[in-house]
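Next comes structure-v2.txt, with compact mmCIF, C-alpha atoms.
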# COMPACT_ATOMS: atom_id res chain seq x y z
CA MET A 108 108.49 -138.54 101.57
CA GLN A 109 107.93 -138.80 97.82
CA MET A 110 109.37 -136.11 95.56
CA VAL A 111 108.36 -135.68 91.91
CA GLN A 112 109.28 -133.30 89.15
CA MET A 113 107.05 -130.24 89.09
CA ALA A 114 106.15 -131.12 85.51
CA ALA A 115 104.39 -134.22 86.87
CA ILE A 116 101.94 -132.05 88.83
CA ASP A 117 98.61 -131.62 87.05
CA LYS A 118 98.09 -127.86 86.85
CA ALA A 119 94.35 -128.01 86.12
CA ASP A 120 93.67 -130.32 89.06
CA THR A 121 95.89 -128.20 91.29
CA ALA A 122 94.04 -125.04 90.30
CA TRP A 123 90.67 -126.67 90.99
CA LEU A 124 91.74 -127.93 94.40
CA LEU A 125 93.12 -124.49 95.30
CA VAL A 126 89.66 -123.06 94.59
CA SER A 127 87.91 -125.92 96.38
CA THR A 128 90.04 -125.45 99.49
CA VAL A 129 89.08 -121.79 99.67
CA LEU A 130 85.41 -122.74 99.25
CA VAL A 131 85.58 -125.28 102.09
CA LEU A 132 87.27 -122.74 104.36
CA LEU A 133 84.52 -120.28 103.40
CA MET A 134 82.00 -122.74 104.86
CA THR A 135 83.47 -122.21 108.33
CA LEU A 136 84.63 -118.60 108.11
CA PRO A 137 82.24 -116.92 107.73
CA GLY A 138 79.57 -119.55 106.85
CA ILE A 139 79.23 -121.46 110.14
CA ALA A 140 80.03 -118.30 112.14
CA LEU A 141 77.10 -116.41 110.60
CA PHE A 142 74.74 -119.40 110.56
CA TYR A 143 75.24 -120.14 114.25
CA ALA A 144 75.51 -116.54 115.45
CA GLY A 145 72.17 -115.71 113.86
CA LEU A 146 70.44 -118.51 115.76
CA VAL A 147 71.59 -117.70 119.29
CA ARG A 148 70.23 -114.99 121.56
CA ARG A 149 71.67 -111.51 121.21
CA LYS A 150 73.65 -111.77 124.46
CA ASN A 151 75.62 -114.75 123.10
CA VAL A 152 76.40 -113.64 119.54
CA VAL A 153 80.00 -112.56 120.19
CA ASN A 154 80.79 -115.72 122.15
CA THR A 155 79.46 -117.90 119.33
CA MET A 156 81.57 -116.12 116.72
CA VAL A 157 84.67 -116.11 118.91
CA ALA A 158 84.20 -119.83 119.45
CA VAL A 159 84.03 -120.58 115.71
CA PHE A 160 87.07 -118.45 114.85
CA ALA A 161 89.17 -119.65 117.80
CA VAL A 162 88.34 -123.34 117.29
CA ALA A 163 89.12 -123.00 113.57
CA ALA A 164 92.54 -121.56 114.44
CA MET A 165 93.15 -124.22 117.07
CA VAL A 166 92.31 -127.11 114.74
CA ALA A 167 94.46 -125.69 111.95
CA LEU A 168 97.46 -126.01 114.28
CA THR A 169 96.54 -129.43 115.69
CA TRP A 170 96.19 -130.63 112.09
CA PHE A 171 99.65 -129.22 111.33
CA ALA A 172 101.18 -130.82 114.42
CA LEU A 173 99.60 -134.28 114.54
CA GLY A 174 96.17 -134.63 112.91
CA TYR A 175 97.27 -134.85 109.28
CA SER A 176 99.93 -137.43 110.00
CA LEU A 177 97.62 -139.61 112.10
CA ALA A 178 94.91 -139.45 109.43
CA PHE A 179 96.87 -139.76 106.19
CA SER A 180 100.01 -141.81 106.80
CA LYS A 181 100.23 -145.51 106.03
CA SER A 182 100.79 -147.36 109.28
CA SER A 183 97.93 -149.63 110.34
CA ALA A 184 94.25 -150.15 109.66
CA TRP A 185 93.41 -148.05 112.73
CA LEU A 186 95.75 -145.07 112.84
CA GLY A 187 98.48 -143.40 110.84
CA GLY A 188 102.04 -142.86 111.96
CA LEU A 189 103.99 -139.73 112.86
CA GLU A 190 106.10 -139.34 109.72
CA ARG A 191 103.96 -136.44 108.54
CA ALA A 192 103.81 -134.66 111.93
CA TRP A 193 104.56 -130.93 111.77
CA PHE A 194 104.07 -131.22 107.98
CA SER A 195 107.67 -132.47 107.86
CA PRO A 196 107.49 -134.14 104.41
CA MET A 197 106.31 -130.98 102.67
CA ARG A 198 109.20 -129.90 100.51
CA LEU A 199 109.70 -127.69 97.49
CA ASP A 200 113.11 -127.69 95.83
CA ALA A 201 113.01 -124.96 93.23
CA ALA A 202 116.60 -125.59 92.13
CA ALA A 203 115.95 -129.27 91.43
CA GLY A 204 112.42 -128.56 90.17
CA THR A 205 110.83 -131.07 92.55
CA VAL A 206 107.94 -131.02 95.00
CA SER A 207 106.63 -133.50 97.59
CA VAL A 208 103.37 -135.39 96.95
CA SER A 209 101.11 -137.68 98.96
CA HIS A 210 100.58 -141.32 98.01
CA LEU A 211 96.85 -140.52 98.00
CA ALA A 212 97.15 -137.69 95.46
CA PRO A 213 100.46 -138.00 93.57
CA HIS A 214 99.32 -135.52 90.92
CA LEU A 215 98.98 -132.69 93.47
CA PRO A 216 101.48 -130.89 95.74
CA GLU A 217 101.15 -132.47 99.17
CA SER A 218 100.99 -129.02 100.74
CA LEU A 219 97.71 -128.43 98.90
CA TYR A 220 96.29 -131.86 99.72
CA ALA A 221 97.09 -131.36 103.41
CA LEU A 222 95.47 -127.92 103.37
CA PHE A 223 92.33 -129.24 101.69
CA GLN A 224 92.03 -131.93 104.34
CA MET A 225 92.73 -129.35 107.05
CA ALA A 226 89.65 -127.43 105.90
CA PHE A 227 87.58 -130.59 106.51
CA ALA A 228 89.02 -131.07 109.99
CA VAL A 229 88.27 -127.44 110.80
CA ILE A 230 84.62 -127.44 109.78
CA THR A 231 83.92 -130.84 111.36
CA THR A 232 85.16 -129.67 114.75
CA THR A 233 83.40 -126.29 114.58
CA LEU A 234 80.07 -127.97 113.81
CA ILE A 235 80.01 -129.30 117.39
CA ILE A 236 79.90 -125.74 118.74
CA GLY A 237 76.26 -125.48 117.71
CA ALA A 238 75.23 -128.04 120.31
CA VAL A 239 76.92 -126.32 123.26
CA VAL A 240 76.43 -122.61 122.59
CA GLU A 241 75.19 -120.30 125.34
CA ARG A 242 76.53 -122.41 128.21
CA MET A 243 79.93 -124.05 127.65
CA ARG A 244 83.02 -122.51 129.24
CA PHE A 245 85.28 -121.10 126.52
CA SER A 246 88.48 -122.64 127.88
CA ALA A 247 86.86 -126.07 128.11
CA LEU A 248 85.59 -125.77 124.54
CA LEU A 249 89.06 -124.93 123.22
CA LEU A 250 90.67 -127.83 125.07
CA PHE A 251 87.98 -130.26 123.94
CA SER A 252 88.27 -129.11 120.31
CA ALA A 253 92.04 -129.53 120.26
CA LEU A 254 91.90 -133.04 121.71
CA TRP A 255 88.86 -134.12 119.69
CA SER A 256 90.39 -133.08 116.36
CA VAL A 257 93.44 -135.26 117.04
CA LEU A 258 92.00 -138.20 118.98
CA VAL A 259 88.56 -138.59 117.37
CA TYR A 260 88.49 -136.91 113.96
CA ALA A 261 91.92 -138.00 112.70
CA PRO A 262 91.46 -141.73 113.46
CA VAL A 263 88.02 -141.77 111.80
CA ALA A 264 89.41 -140.01 108.71
CA HIS A 265 92.14 -142.66 108.59
CA TRP A 266 89.62 -145.51 108.81
CA VAL A 267 87.58 -144.23 105.88
CA TRP A 268 89.88 -142.28 103.56
CA GLU A 269 93.38 -143.71 103.99
CA SER A 270 94.02 -146.61 101.61
CA ASP A 271 94.87 -149.00 104.44
CA GLY A 272 92.05 -147.85 106.74
CA TRP A 273 89.83 -150.71 107.87
CA LEU A 274 86.55 -149.17 106.72
CA ASN A 275 88.14 -148.27 103.40
CA LYS A 276 89.21 -151.89 102.93
CA LEU A 277 85.76 -153.06 103.99
CA GLY A 278 84.31 -151.20 101.02
CA ALA A 279 82.37 -148.46 102.85
CA LEU A 280 81.68 -145.52 100.54
CA ASP A 281 82.05 -141.98 101.85
CA PHE A 282 82.89 -139.60 99.04
CA ALA A 283 83.19 -136.35 101.00
CA GLY A 284 82.39 -137.02 104.64
CA GLY A 285 78.96 -138.39 105.47
CA ALA A 286 80.41 -140.53 108.25
CA VAL A 287 83.77 -138.81 108.75
CA VAL A 288 82.29 -135.32 109.04
CA HIS A 289 78.57 -135.38 109.76
CA VAL A 290 77.93 -138.57 111.71
CA ASN A 291 81.14 -137.94 113.63
CA ALA A 292 80.33 -134.33 114.53
CA GLY A 293 76.61 -134.97 115.02
CA VAL A 294 77.05 -137.80 117.52
CA SER A 295 79.78 -135.92 119.39
CA ALA A 296 77.52 -132.87 119.54
CA LEU A 297 74.72 -134.95 121.08
CA VAL A 298 77.07 -136.36 123.74
CA CYS A 299 78.43 -132.90 124.54
CA ALA A 300 74.96 -131.41 124.88
CA ALA A 301 73.82 -134.28 127.12
CA MET A 302 76.85 -134.03 129.41
CA LEU A 303 76.61 -130.24 129.69
CA GLY A 304 72.94 -130.29 130.57
CA ARG A 305 70.16 -127.99 129.43
CA ARG A 306 70.30 -124.22 129.26
CA GLN A 307 68.46 -122.28 131.95
CA GLY A 308 64.83 -121.90 130.92
CA TYR A 309 65.00 -124.64 128.28
CA GLY A 310 61.48 -125.85 127.53
CA ARG A 311 59.92 -123.03 129.58
CA GLN A 312 60.82 -119.92 127.61
CA ALA A 313 61.29 -119.16 123.94
CA PHE A 314 64.90 -118.79 122.79
CA GLU A 315 64.42 -116.39 119.89
CA PRO A 316 67.16 -116.29 117.22
CA HIS A 317 69.15 -113.08 117.17
CA SER A 318 68.97 -112.68 113.37
CA LEU A 319 67.52 -115.08 110.82
CA GLY A 320 69.06 -112.79 108.20
CA TRP A 321 72.53 -113.69 109.43
CA THR A 322 71.56 -117.36 109.41
CA ALA A 323 70.30 -117.08 105.82
CA MET A 324 73.58 -115.48 104.73
CA GLY A 325 75.49 -118.22 106.51
CA ALA A 326 73.41 -120.90 104.81
CA ALA A 327 74.06 -119.31 101.39
CA LEU A 328 77.79 -119.35 102.06
CA LEU A 329 77.56 -122.97 103.17
CA LEU A 330 75.80 -123.88 99.92
CA ILE A 331 78.46 -122.15 97.83
CA GLY A 332 81.27 -123.67 99.87
CA TRP A 333 79.71 -127.13 99.65
CA PHE A 334 80.51 -127.21 95.94
CA GLY A 335 84.19 -127.22 96.90
CA PHE A 336 83.49 -129.67 99.71
CA ASN A 337 81.89 -132.28 97.43
CA ALA A 338 83.23 -131.56 93.96
CA GLY A 339 86.70 -130.87 95.34
CA SER A 340 86.75 -134.35 96.86
CA ALA A 341 87.16 -135.73 93.34
CA LEU A 342 90.71 -134.29 93.62
CA SER A 343 90.53 -133.60 89.92
CA ALA A 344 88.92 -131.17 87.49
CA ASP A 345 87.02 -133.89 85.66
CA GLY A 346 83.62 -135.40 84.99
CA ARG A 347 83.25 -136.79 88.52
CA ALA A 348 83.81 -133.33 89.98
CA ALA A 349 81.21 -131.87 87.62
CA LEU A 350 78.69 -134.58 88.52
CA ALA A 351 79.37 -134.09 92.24
CA MET A 352 78.67 -130.39 91.87
CA LEU A 353 75.43 -131.03 89.99
CA VAL A 354 74.06 -133.57 92.46
CA THR A 355 75.01 -131.31 95.36
CA MET A 356 72.75 -128.57 94.00
CA VAL A 357 69.72 -130.73 93.23
CA ALA A 358 69.92 -132.57 96.56
CA ALA A 359 70.10 -129.26 98.43
CA ALA A 360 67.06 -127.96 96.54
CA ALA A 361 65.11 -131.16 97.22
CA GLY A 362 66.00 -131.06 100.90
CA ALA A 363 64.89 -127.43 101.25
CA LEU A 364 61.51 -128.04 99.63
CA SER A 365 60.97 -131.35 101.41
CA TRP A 366 61.48 -129.85 104.90
CA MET A 367 59.37 -126.81 103.96
CA LEU A 368 56.43 -128.88 102.79
CA VAL A 369 56.48 -131.18 105.81
CA GLU A 370 56.71 -128.22 108.18
CA TRP A 371 53.90 -126.45 106.30
CA TRP A 372 51.72 -129.52 106.69
CA VAL A 373 52.58 -130.17 110.36
CA ARG A 374 52.74 -126.60 111.68
CA GLY A 375 50.58 -124.72 109.23
CA ALA A 376 53.25 -122.37 107.87
CA PRO A 377 56.47 -122.55 105.86
CA THR A 378 59.37 -120.80 107.62
CA LEU A 379 62.70 -119.36 106.54
CA LEU A 380 64.51 -121.42 109.17
CA GLY A 381 62.78 -124.54 107.87
CA VAL A 382 63.89 -123.91 104.29
CA LEU A 383 67.45 -123.22 105.45
CA SER A 384 67.52 -126.31 107.67
CA GLY A 385 66.20 -128.51 104.85
CA LEU A 386 68.81 -127.05 102.50
CA ILE A 387 71.57 -128.02 104.93
CA GLY A 388 69.98 -131.44 105.49
CA GLY A 389 70.02 -132.12 101.75
CA LEU A 390 73.65 -131.04 101.51
CA VAL A 391 74.62 -133.25 104.45
CA ALA A 392 72.89 -136.32 103.03
CA ILE A 393 74.37 -136.02 99.52
CA THR A 394 77.91 -135.60 100.87
CA PRO A 395 78.79 -139.32 101.14
CA ALA A 396 77.10 -140.08 97.81
CA ALA A 397 78.18 -137.08 95.72
CA GLY A 398 80.71 -138.94 93.59
CA PHE A 399 78.68 -142.13 93.23
CA VAL A 400 75.09 -141.26 92.21
CA GLN A 401 73.19 -139.89 89.24
CA ALA A 402 71.09 -136.72 89.48
CA GLY A 403 67.83 -138.63 89.99
CA GLY A 404 69.27 -140.50 92.94
CA ALA A 405 70.49 -137.21 94.41
CA VAL A 406 66.99 -135.72 94.25
CA ALA A 407 65.61 -138.77 96.05
CA ILE A 408 68.30 -138.50 98.72
CA GLY A 409 67.51 -134.81 99.22
CA LEU A 410 63.77 -135.41 99.51
CA ILE A 411 64.24 -138.18 102.07
CA ALA A 412 66.82 -136.14 104.00
CA GLY A 413 64.51 -133.16 104.34
CA VAL A 414 61.88 -135.31 106.03
CA ALA A 415 64.42 -137.26 108.11
CA CYS A 416 66.15 -134.13 109.40
CA PHE A 417 62.83 -132.45 110.24
CA TRP A 418 61.98 -135.55 112.26
CA GLY A 419 65.41 -135.48 113.89
CA ALA A 420 65.17 -131.83 114.90
CA THR A 421 61.61 -132.12 116.24
CA TRP A 422 60.17 -135.46 117.38
CA LEU A 423 63.49 -137.23 117.99
CA LYS A 424 64.92 -134.22 119.82
CA ARG A 425 61.92 -134.13 122.15
CA ARG A 426 62.16 -137.88 122.78
CA LEU A 427 65.86 -137.68 123.60
CA GLY A 428 65.32 -134.69 125.88
CA VAL A 429 68.78 -133.30 125.12
CA ASP A 430 69.29 -129.56 124.64
CA ASP A 431 71.20 -129.73 121.36
CA SER A 432 70.95 -125.96 121.00
CA LEU A 433 71.16 -125.57 117.22
CA ASP A 434 70.14 -129.12 116.20
CA VAL A 435 73.57 -130.34 115.18
CA PHE A 436 72.60 -133.97 115.73
CA GLY A 437 69.12 -133.53 114.28
CA VAL A 438 70.47 -132.17 111.00
CA HIS A 439 74.08 -133.31 110.67
CA GLY A 440 73.86 -136.55 112.64
CA VAL A 441 70.55 -137.75 111.24
CA GLY A 442 71.31 -136.39 107.77
CA GLY A 443 74.74 -138.04 107.77
CA ILE A 444 73.29 -141.39 108.83
CA ALA A 445 70.52 -141.21 106.25
CA GLY A 446 72.87 -140.13 103.48
CA SER A 447 75.44 -142.81 104.28
CA LEU A 448 72.84 -145.57 104.13
CA LEU A 449 71.12 -144.14 101.05
CA THR A 450 74.48 -144.06 99.27
CA ALA A 451 74.27 -147.84 99.02
CA VAL A 452 70.72 -147.64 97.69
CA PHE A 453 71.36 -145.10 94.95
CA ALA A 454 75.05 -145.61 94.08
CA ASP A 455 75.56 -146.31 90.38
CA ARG A 456 78.24 -148.93 89.77
CA ALA A 457 79.14 -147.28 86.49
CA ILE A 458 80.18 -144.20 88.48
CA ALA A 459 81.37 -145.68 91.76
CA GLY A 460 83.27 -148.57 90.18
CA VAL A 461 82.21 -150.88 93.02
CA ASP A 462 79.01 -152.35 94.39
CA ALA A 463 77.92 -150.60 97.56
CA THR A 464 76.07 -152.55 100.23
CA VAL A 465 73.79 -151.30 102.97
CA LEU A 466 75.57 -153.62 105.41
CA ASN A 467 78.98 -152.04 104.78
CA GLN A 468 77.48 -148.56 105.11
CA LEU A 469 75.72 -149.57 108.32
CA VAL A 470 78.95 -150.94 109.79
CA ALA A 471 80.75 -147.69 108.96
CA VAL A 472 78.01 -145.53 110.48
CA ALA A 473 77.78 -147.66 113.63
CA ALA A 474 81.57 -147.79 114.10
CA VAL A 475 82.00 -144.05 113.66
CA ALA A 476 79.02 -143.22 115.88
CA LEU A 477 80.21 -145.53 118.67
CA TYR A 478 83.81 -144.30 118.57
CA SER A 479 82.71 -140.68 118.40
CA ALA A 480 80.30 -141.04 121.33
CA VAL A 481 82.72 -142.91 123.59
CA GLY A 482 85.69 -140.75 122.64
CA SER A 483 83.79 -137.52 123.25
CA ALA A 484 82.46 -138.72 126.60
CA ILE A 485 85.93 -139.73 127.76
CA LEU A 486 87.45 -136.41 126.71
CA LEU A 487 84.76 -134.38 128.48
CA THR A 488 85.13 -136.50 131.62
CA LEU A 489 88.88 -135.92 131.69
CA ILE A 490 88.55 -132.19 131.02
CA ARG A 491 86.00 -131.91 133.82
CA VAL A 492 88.72 -133.05 136.24
CA VAL A 493 90.85 -130.06 135.26
CA LEU A 494 88.24 -127.32 134.82
CA PRO A 495 84.46 -126.84 134.80
CA LEU A 496 82.72 -127.57 131.52
CA ARG A 497 79.97 -125.05 132.06
CA VAL A 498 79.82 -121.36 132.90
CA THR A 499 78.27 -120.24 136.18
CA ALA A 500 74.53 -119.68 136.43
CA GLN A 501 75.06 -115.94 136.68
CA GLN A 502 77.35 -115.85 133.64
CA GLU A 503 74.76 -117.76 131.64
CA LEU A 504 72.04 -115.35 132.78
CA ASP A 505 74.12 -112.28 131.93
CA GLY A 506 75.15 -113.71 128.57
CA LEU A 507 78.53 -115.06 127.56
CA ASP A 508 79.46 -112.03 125.46
CA VAL A 509 79.94 -109.75 128.42
CA SER A 510 80.73 -112.32 131.11
CA LEU A 511 83.44 -114.14 129.15
CA HIS A 512 84.69 -111.70 126.52
CA GLN A 513 83.77 -108.23 127.84
CA GLU A 514 82.23 -107.41 124.48
CA SER A 515 78.68 -107.10 123.23
CA GLN A 516 76.72 -107.08 119.97
CA ASN A 517 75.33 -103.54 119.70
Now that the file is in, can you turn its structure into structure tokens?
Amino acid sequence: MQMVQMAAIDKADTAWLLVSTVLVLLMTLPGIALFYAGLVRRKNVVNTMVAVFAVAAMVALTWFALGYSLAFSKSSAWLGGLERAWFSPMRLDAAAGTVSVSHLAPHLPESLYALFQMAFAVITTTLIIGAVVERMRFSALLLFSALWSVLVYAPVAHWVWESDGWLNKLGALDFAGGAVVHVNAGVSALVCAAMLGRRQGYGRQAFEPHSLGWTAMGAALLLIGWFGFNAGSALSADGRAALAMLVTMVAAAAGALSWMLVEWWVRGAPTLLGVLSGLIGGLVAITPAAGFVQAGGAVAIGLIAGVACFWGATWLKRRLGVDDSLDVFGVHGVGGIAGSLLTAVFADRAIAGVDATVLNQLVAVAAVALYSAVGSAILLTLIRVVLPLRVTAQQELDGLDVSLHQESQN
């Protein structure tokens, strides 16, 4: 535990990270909750929202207990130690005028740094829900989320963002979570969807979204929150944060228009869901590059991401044959992979301070994807021994709102 005088804490940077943390939490509650709930059928709206809120609460506590320590303690190249478990180093001594800080952000109170990183752990885990909605047993989802946040997310965060993490030492660039968040969640989502199996009627009947209006509101909240996600990752109220915010906006705009135009050409009509999906795809792809590229590079990343994510959510999804309900892999997985690789192409050394290589980015993506896939498969296999992963056929037919929660969306 490192204690410093409160006067050593940068008040401007602290204020910015307080705001950024709130913005990142806004992405999950209510951003993801609304985005996902609008896309499912009416009979599963309550279940989807309960899942997002409950998993967010669960991960907040697993992060407090073990996740933060395993991710952000110096121990080995593969995993942190337990010295920060239960947030034990977080101290404030008002009489002595001292406060604890992390070695990764000595200008900020560690309590704030840990909370900011908690918000990342929360949204990463809740993203997976989109692949398993309308059929996964609620108890199995909670157990999987708790274990995944500690055993999959925390080690990957340590590899990439802790100073002694092996991917960090390799030189892989991931400013705000292209690999840690999006590749990690996207690949896990694909594995979960494959192991659960398809929903009843998949491919034979149309699964109409409950409310595209809700999804649009969720997407807007995600866009706003993403400014804290990317610009907050600068951990300072400075020029890098400002640039990260700028490139986040232009990449999102490019992604939205890119998907829209491709869909218009392929299907004959631009759709609201297409614009929203492209917006998210652009945001996903700029995430690893946000603190390393100029605005022109960000536009290029967004344009490429819109096309890549459209391909991932359509052609690739059909080829894989997996019922990834809300295209978590198609958008977050594919977008995260594309963005991570494109970071090396468009990174500006004057900003990044290092030379990025496609090989290093490819190693990081492959390592995270492999670990995420294997780890998720093992966890689901073990959970299946204890309880069923999937609801009964009748519960799925009736809808999970009433069958699992005894509530309904009226």
Query raised in the report: Quick one, how far is atom CA of Thr450 of chain A from atom CA of Leu469 of chain A?
Result: 10.7 Å
**Report entry** Spatial neighbours of segment 304-320 of chain A, 10 Å, only C-alpha atoms, chain gap at least 3 places, as a PyMOL selection string
**Finding:** chain A and resi 141-152+239-243+299-301+323-326+379-380+383+425+428-432+497+500+503-504
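Put simply, atom CA of Thr394 of chain A is 12.5 Å away from atom CA of Gly440 of chain A.
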Query raised in the report: With all atoms listed in the file as the atoms that count, which of A:Val414, A:Gly389, A:Gln112, A:Ala457 lies nearest to Trp371 of chain A?
Result: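 Smallest distance to Trp371 of chain A is found for A:Val414.
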Requested in this report: Find the spatial neighbours of Ala261 of chain A, counting all atoms listed in the file, within a cut-off of 9 Å - ignore same-chain residues fewer than 2 positions away - and output them as a list of chain:residue names.
Outcome: A:Trp170, A:Leu173, A:Gly174, A:Tyr175, A:Ser176, A:Leu177, A:Ala178, A:Phe179, A:Leu186, A:Gly187, A:Ala228, A:Trp255, A:Ser256, A:Val257, A:Leu258, A:Val259, A:Val263, A:Ala264, A:His265, A:Trp266
**Report entry** All residues 7 Å or closer to segment 443-445 of chain A, all atoms listed in the file, same chain fewer than 4 positions away omitted, as a VMD selection string
**Finding:** chain A and resid 285 to 286 289 to 290 391 to 392 412 439 449 472
Query - Closest of A:Ala114, A:Met197, A:Ala474, A:Leu133 to Leu329 of chain A - atom-to-atom distances counting all atoms listed in the file - result: A:Leu133
**Report entry** Top pick for closest residue to Ser218 of chain A, considering A:Arg347, A:Trp193, A:Ala163, A:Trp268 and counting only C-alpha atoms
**Finding:** A:Trp193
Query - Counting all atoms listed in the file, the option among A:Phe245, A:Ala451, A:His214, A:Ala484 closest to Leu511 of chain A - result: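 Of A:Phe245, A:Ala451, A:His214, A:Ala484, the one nearest Leu511 of chain A, counting all atoms listed in the file, is A:Phe245.
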Contacts of Tyr220 of chain A within 9 Å, all atoms listed in the file, excl. fewer than 4 positions in-chain, as a PDB file with C-alpha atoms, keeping the file's coordinate frame:
ATOM      1  CA  LEU A 124      91.740-127.930  94.400  1.00  0.00           C
ATOM      2  CA  THR A 128      90.040-125.450  99.490  1.00  0.00           C
ATOM      3  CA  VAL A 208     103.370-135.390  96.950  1.00  0.00           C
ATOM      4  CA  SER A 209     101.110-137.680  98.960  1.00  0.00           C
ATOM      5  CA  LEU A 211      96.850-140.520  98.000  1.00  0.00           C
ATOM      6  CA  ALA A 212      97.150-137.690  95.460  1.00  0.00           C
ATOM      7  CA  LEU A 215      98.980-132.690  93.470  1.00  0.00           C
ATOM      8  CA  PRO A 216     101.480-130.890  95.740  1.00  0.00           C
ATOM      9  CA  GLN A 224      92.030-131.930 104.340  1.00  0.00           C
ATOM     10  CA  MET A 225      92.730-129.350 107.050  1.00  0.00           C
ATOM     11  CA  LEU A 342      90.710-134.290  93.620  1.00  0.00           C
TER      12      LEU A 342
END
**Report entry** Selected residue, from A:Gly332, A:Gly442, A:Gly272, A:Pro196, that lies nearest to Phe227 of chain A when counting only C-alpha atoms
**Finding:** A:Gly332
Requested in this report: Between atom CA of Gln109 of chain A and atom CA of Ala192 of chain A, measure the distance and give it in Å to one decimal.
Outcome: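 Spanning atom CA of Gln109 of chain A to atom CA of Ala192 of chain A is a straight-line distance of 15.3 Å.
Distance annotation: of A:Thr205, A:Thr233, A:Asn275, A:Ser510, the residue with the minimal separation from Asn291 of chain A is A:Thr233; atom set is only C-alpha atoms.
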Requested in this report: List the neighbours of Ile393 of chain A out to 7 Å using all atoms listed in the file; skip same-chain residues closer than 6 positions along the sequence, and give me the result as a PyMOL selection string.
Outcome: chain A and resi 355+358+405+408-409+446
